[in-house]
Amino acid sequence: MISAATKSMNSAGRVVIIGNLTIDDVVRADGTVRMASPGGNVIHAAMAARLWAPTVGIVTRRGEDLPDEILTTLSDLGVDVGAVRAVPGPTVRSWVIYEHDGRRWFLPRTGRDRALEVAVQPLDIPDDWLLGNPVIHVAAMPLAAAGAVVDHIRSRSAGAVISLDTHEDWSGHASQVIELARRVDVFVPSREELTELVGYDDPPRACKALRGAGVPTVVVKLGADGALVDTGERPAVPIDAYLSKVVDATGAGDTFCGALAGALASGHPLHAAVQRGAATAAWAIENFGSLSLAALSPEAACRRFDIQADATGSDASAPPYEIDVMAREIAMIPEVIATHVADTAGHVRRTARLLVEHDIEHVFLVGCGDSYFAGLAAALAFQRHTGIHARAVHALEFARYQARYLPPRSVVVCVSFSGKVGRTIEAAVQARRFGAMAVALTNDQNGRLARTADHVLPIEVPTLGFSPGTSTYLGMVATLNDLALRWASERGIEVSSARTELDAIPGLAAQTLAACAGACEKAALSLSNEPWITFLGGGPNEGSAKFGAAKLFEGPQQLGVSTNIEEWAHEEYFVSSAGTPVVVVAPSGASRDRADEILAELEFIAARTIVVSDVAPTAAEVHLPMSQGVCEEFSPLLAALPLSLLGFHLAETRGKRSYNFPSEAAKVEHYDTIHRLVIGEPA
């Protein structure tokens with residue numbers, strides 16, 4: 001059974017669609033004929049999944065007559081077609097004839113046995129596509145083929161989330177179908193196929209019967225009536241359909257399943273994922289053909305979904321937008337760090353080798369917001385371990401004021417989790433323009449930043465909804481720290497001691513979360529009514545201070561001011577007095593002695609001090625403890641944890657949801673501003 005925060009949390013963001021690929025010769029009711037149109041359930045499902053998941057691939061078989069441009073089109077839209085296997089003979093082909101009343105007829109042009117001959121076989125699935133607990137949708141196919149595929153996936157990937165659609169040829173095999181449905185996570189029959197399976201047309205009763213027979217989760221496609229979700233935790237929950245003008249209902253069920261899989265892979269709870277499936281299917285049937293969603297981008301799909309959800313007042317997707325999502329993502333951080341310092345897929349190692357091959361001597365870490373703070377937090381690790389000159393630069397500053405003056409043998413690491421931020425993409429453009437290598441550190445391997453850069457260093461952090469970034473920030477910092485060490489190793493520098501420390505961080509992160517939880521909640525209660533809070537940090541933890549202030553803007557929507565430990569005495573001191581709240585991020589390291597002196601000054605003016613450190617302060621109102629035993633260059637991986645919890649508890653105490661935009665228009669305008677790409681002329 002899929003819960004809101006278990007299997008969806010474990011997904012690495014990859015969706016694999018397994019099914020059939022066909023050629024359709026379409027005759028519309030008005031007499032228009034379109035020959036050799038792409039068809040098949042993998043296309044309908046993949047076109048929907050790409051709107052919600054960062055990585056989508058299809059596993060299918062093609063005949064010798066399939067036009068190459070079909071696969072090229074899919075690839076251009078971000079669908080991985082590397083597992084499309086060519087087989088001798090024709091692709092399954094049919095006439096699809098539409099009537100004026102919407103009915104359609106399928107007239108096979110290839111023999112019925114051909115569908116069996118081209119059915120996917122287990123070994124068609126690339127082994128590396130089963131890594132990282134993907135979401136895998138097994139689309140309609142012959143029963144024996146579906147069973148073999150499901151069993152193969154289970155034998156290779158125990159943590160994969162499998163959804164299963166039904167096939168018209170399964171009629172009369174109820175016991176075998178139910179047995180197969182027991183072995184998957186989400187069984188997705190249509191109402192008609194469910195009726196055929198149980199012998200009566202009563203979806204809630206039928207779902208209960210399947211659940212009683214051991215099927216973990218049932219999602220029934222009800223067409224114009226929406227969908228029904230039964231997880232066994234409560235009575236079956238109806239999900240409303242979305243209004244649309246029906247032009248072509250072909251593939252609507254496959255579209256629903258693809259969007260459902262994509263949303264699950266991106267961390268949405270089941271009910272919210274089903275709602276996205278219903279919405280996406282409604283959009284798809286407004287136009288003809290399997291590529292009807294081609295003009296819709298993931299960003300536009302999210303905006304359209306949000307607008308429609310607001311208009312209908314639906315609450316099925318409310319949980320991903322609640323501040324509690326932030327707490328659940330914070331809890332994931334130790335696992336996120338562990339995943340990113342392990343580099344199981346070898347992405348960081350390959351990047352390190354590339355940098356050595358190009359004899360890189362200067363690295364610029366550029367980004368905006370959390371991505372910029374990640375560069376500030378990681379620069380010291382590069383300096384200390386690689387011997388390479390490293391500098392964090394804001395993306396605007398780099399693109400408009402630094403790009404023209406880069407030293408030879410420079411690499412610009414453009415950090416953007418979303419891969420959509422306009423200024424960071426501009427930085428990649430300008431880096432290449434002036435002769436530097438651009439590396440995109442991003443969660444979207446097919447996004448605009450990735451396409452702009454010379455090389456992509458992917459990170460995969462499962463997100464559970466729309467909340468202030470915490471786990472994503474730590475994923476970026478961990479990846480950069482790992483790159484520093486692997487780059488040093490490739491340069492022949494001994495880093496075994498540092499590697500041992502970095503590998504120990506996940507366990508220390510779990511300890512830090514447990515140790516500071518109560519203190520963070522206590523601090524939040526005392527700070528909830530403060531008009532502003534100052535955050536101080538030095539070295540890599542100046543980035544931590546900025547991160548802490550940012551979580552106040554995003555969560556509780558309080559004013560947070562961040563500054564260098566030293567700079568406080570020259571600036572904020574003059575507006576600080578008795579009771580002024582100041583958070584000092586001061587773990588062991590080069591600036592710790594100066595932090596102690598500033599803490600003494602804060603005590604002198606009777607300010608309220610909250611100290612984030614692995615060393616207990618001599619004077620502070622609250623100590624937010626970090627685990628000991630971490631060198632300064634890696635300490636931001638722990639310092640961000642109490643800062644994240646503080647931001648969450650402040651938001652919770654103040655009754656805030658994350659990102660309280662005053663209107664949908666304001667939200668759209670805000671993200672359009674961030675993502676707008678304008679290439680300026682650097683000074």
# chains A, B, ... in the order shown; residues from 1 in each chain; ligands from 1
call {"tool": "select_by_dssp", "arguments": {"residues": "segment 377-551 of chain A", "states": "strand (DSSP E or B)", "output": "list of chain:residue names"}}
result
A:His389, A:Ala390, A:Arg391, A:Ala392, A:Val393, A:His394, A:Ser410, A:Val411, A:Val412, A:Val413, A:Cys414, A:Val415, A:Met437, A:Ala438, A:Val439, A:Ala440, A:Leu441, A:Thr442, A:His455, A:Val456, A:Leu457, A:Pro458, A:Trp532, A:Ile533, A:Thr534, A:Phe535, A:Leu536, A:Gly537
call {"tool": "write_last_selection", "arguments": {"atoms": "N, CA and C atoms", "output": "tab-separated table (two decimals), in the first residue's frame"}}
result
chain	number	residue	atom	x	y	z
A	389	HIS	N	41.61	27.08	-7.06
A	389	HIS	CA	40.99	28.33	-6.62
A	389	HIS	C	39.48	28.22	-6.81
A	390	ALA	N	38.72	28.43	-5.75
A	390	ALA	CA	37.27	28.29	-5.80
A	390	ALA	C	36.61	29.55	-5.26
A	391	ARG	N	35.53	29.94	-5.91
A	391	ARG	CA	34.82	31.15	-5.48
A	391	ARG	C	33.34	30.99	-5.77
A	392	ALA	N	32.50	31.33	-4.80
A	392	ALA	CA	31.05	31.37	-5.01
A	392	ALA	C	30.67	32.77	-5.46
A	393	VAL	N	29.89	32.85	-6.54
A	393	VAL	CA	29.48	34.14	-7.10
A	393	VAL	C	27.98	34.06	-7.41
A	394	HIS	N	27.25	35.08	-7.04
A	394	HIS	CA	25.83	35.11	-7.40
A	394	HIS	C	25.70	35.10	-8.92
A	410	SER	N	39.06	27.75	-16.57
A	410	SER	CA	38.01	27.93	-15.57
A	410	SER	C	36.83	27.01	-15.87
A	411	VAL	N	36.18	26.54	-14.81
A	411	VAL	CA	34.90	25.86	-14.93
A	411	VAL	C	33.89	26.64	-14.11
A	412	VAL	N	32.68	26.77	-14.65
A	412	VAL	CA	31.60	27.46	-13.96
A	412	VAL	C	30.53	26.42	-13.65
A	413	VAL	N	30.36	26.13	-12.36
A	413	VAL	CA	29.34	25.17	-11.94
A	413	VAL	C	28.06	25.96	-11.68
A	414	CYS	N	27.09	25.79	-12.56
A	414	CYS	CA	25.83	26.54	-12.52
A	414	CYS	C	24.82	25.70	-11.74
A	415	VAL	N	24.49	26.16	-10.54
A	415	VAL	CA	23.69	25.38	-9.61
A	415	VAL	C	22.25	25.86	-9.64
A	437	MET	N	34.28	26.26	-19.30
A	437	MET	CA	33.38	25.12	-19.31
A	437	MET	C	32.23	25.39	-18.36
A	438	ALA	N	31.01	25.09	-18.79
A	438	ALA	CA	29.82	25.25	-17.96
A	438	ALA	C	29.29	23.88	-17.57
A	439	VAL	N	29.18	23.65	-16.26
A	439	VAL	CA	28.62	22.41	-15.73
A	439	VAL	C	27.31	22.74	-15.04
A	440	ALA	N	26.25	22.06	-15.40
A	440	ALA	CA	24.94	22.28	-14.78
A	440	ALA	C	24.74	21.27	-13.65
A	441	LEU	N	24.62	21.77	-12.43
A	441	LEU	CA	24.26	20.93	-11.29
A	441	LEU	C	22.76	21.11	-11.07
A	442	THR	N	21.96	20.11	-11.45
A	442	THR	CA	20.51	20.30	-11.50
A	442	THR	C	19.77	18.99	-11.33
A	455	HIS	N	28.20	20.22	-19.75
A	455	HIS	CA	28.15	18.94	-19.03
A	455	HIS	C	27.10	19.05	-17.94
A	456	VAL	N	26.41	17.95	-17.66
A	456	VAL	CA	25.38	17.92	-16.63
A	456	VAL	C	25.83	17.03	-15.48
A	457	LEU	N	25.77	17.59	-14.27
A	457	LEU	CA	25.99	16.80	-13.06
A	457	LEU	C	24.64	16.69	-12.37
A	458	PRO	N	23.92	15.59	-12.59
A	458	PRO	CA	22.55	15.49	-12.06
A	458	PRO	C	22.52	15.19	-10.57
A	532	TRP	N	11.89	40.95	13.39
A	532	TRP	CA	13.04	40.59	12.55
A	532	TRP	C	14.05	39.81	13.38
A	533	ILE	N	14.82	38.96	12.70
A	533	ILE	CA	15.82	38.12	13.34
A	533	ILE	C	17.09	38.19	12.50
A	534	THR	N	18.23	38.39	13.17
A	534	THR	CA	19.51	38.46	12.47
A	534	THR	C	20.22	37.11	12.53
A	535	PHE	N	20.86	36.72	11.43
A	535	PHE	CA	21.63	35.48	11.35
A	535	PHE	C	23.08	35.84	11.02
A	536	LEU	N	24.03	35.33	11.81
A	536	LEU	CA	25.45	35.62	11.61
A	536	LEU	C	26.21	34.34	11.31
A	537	GLY	N	27.18	34.43	10.42
A	537	GLY	CA	28.03	33.29	10.11
A	537	GLY	C	29.30	33.73	9.45
call {"tool": "atom_distance", "arguments": {"atom1": "atom CA of Ser163 of chain A", "atom2": "atom CA of Val188 of chain A"}}
result
7.0 Å
call {"tool": "atom_distance", "arguments": {"atom1": "atom CA of His670 of chain A", "atom2": "atom CA of Pro468 of chain A"}}
result
15.2 Å
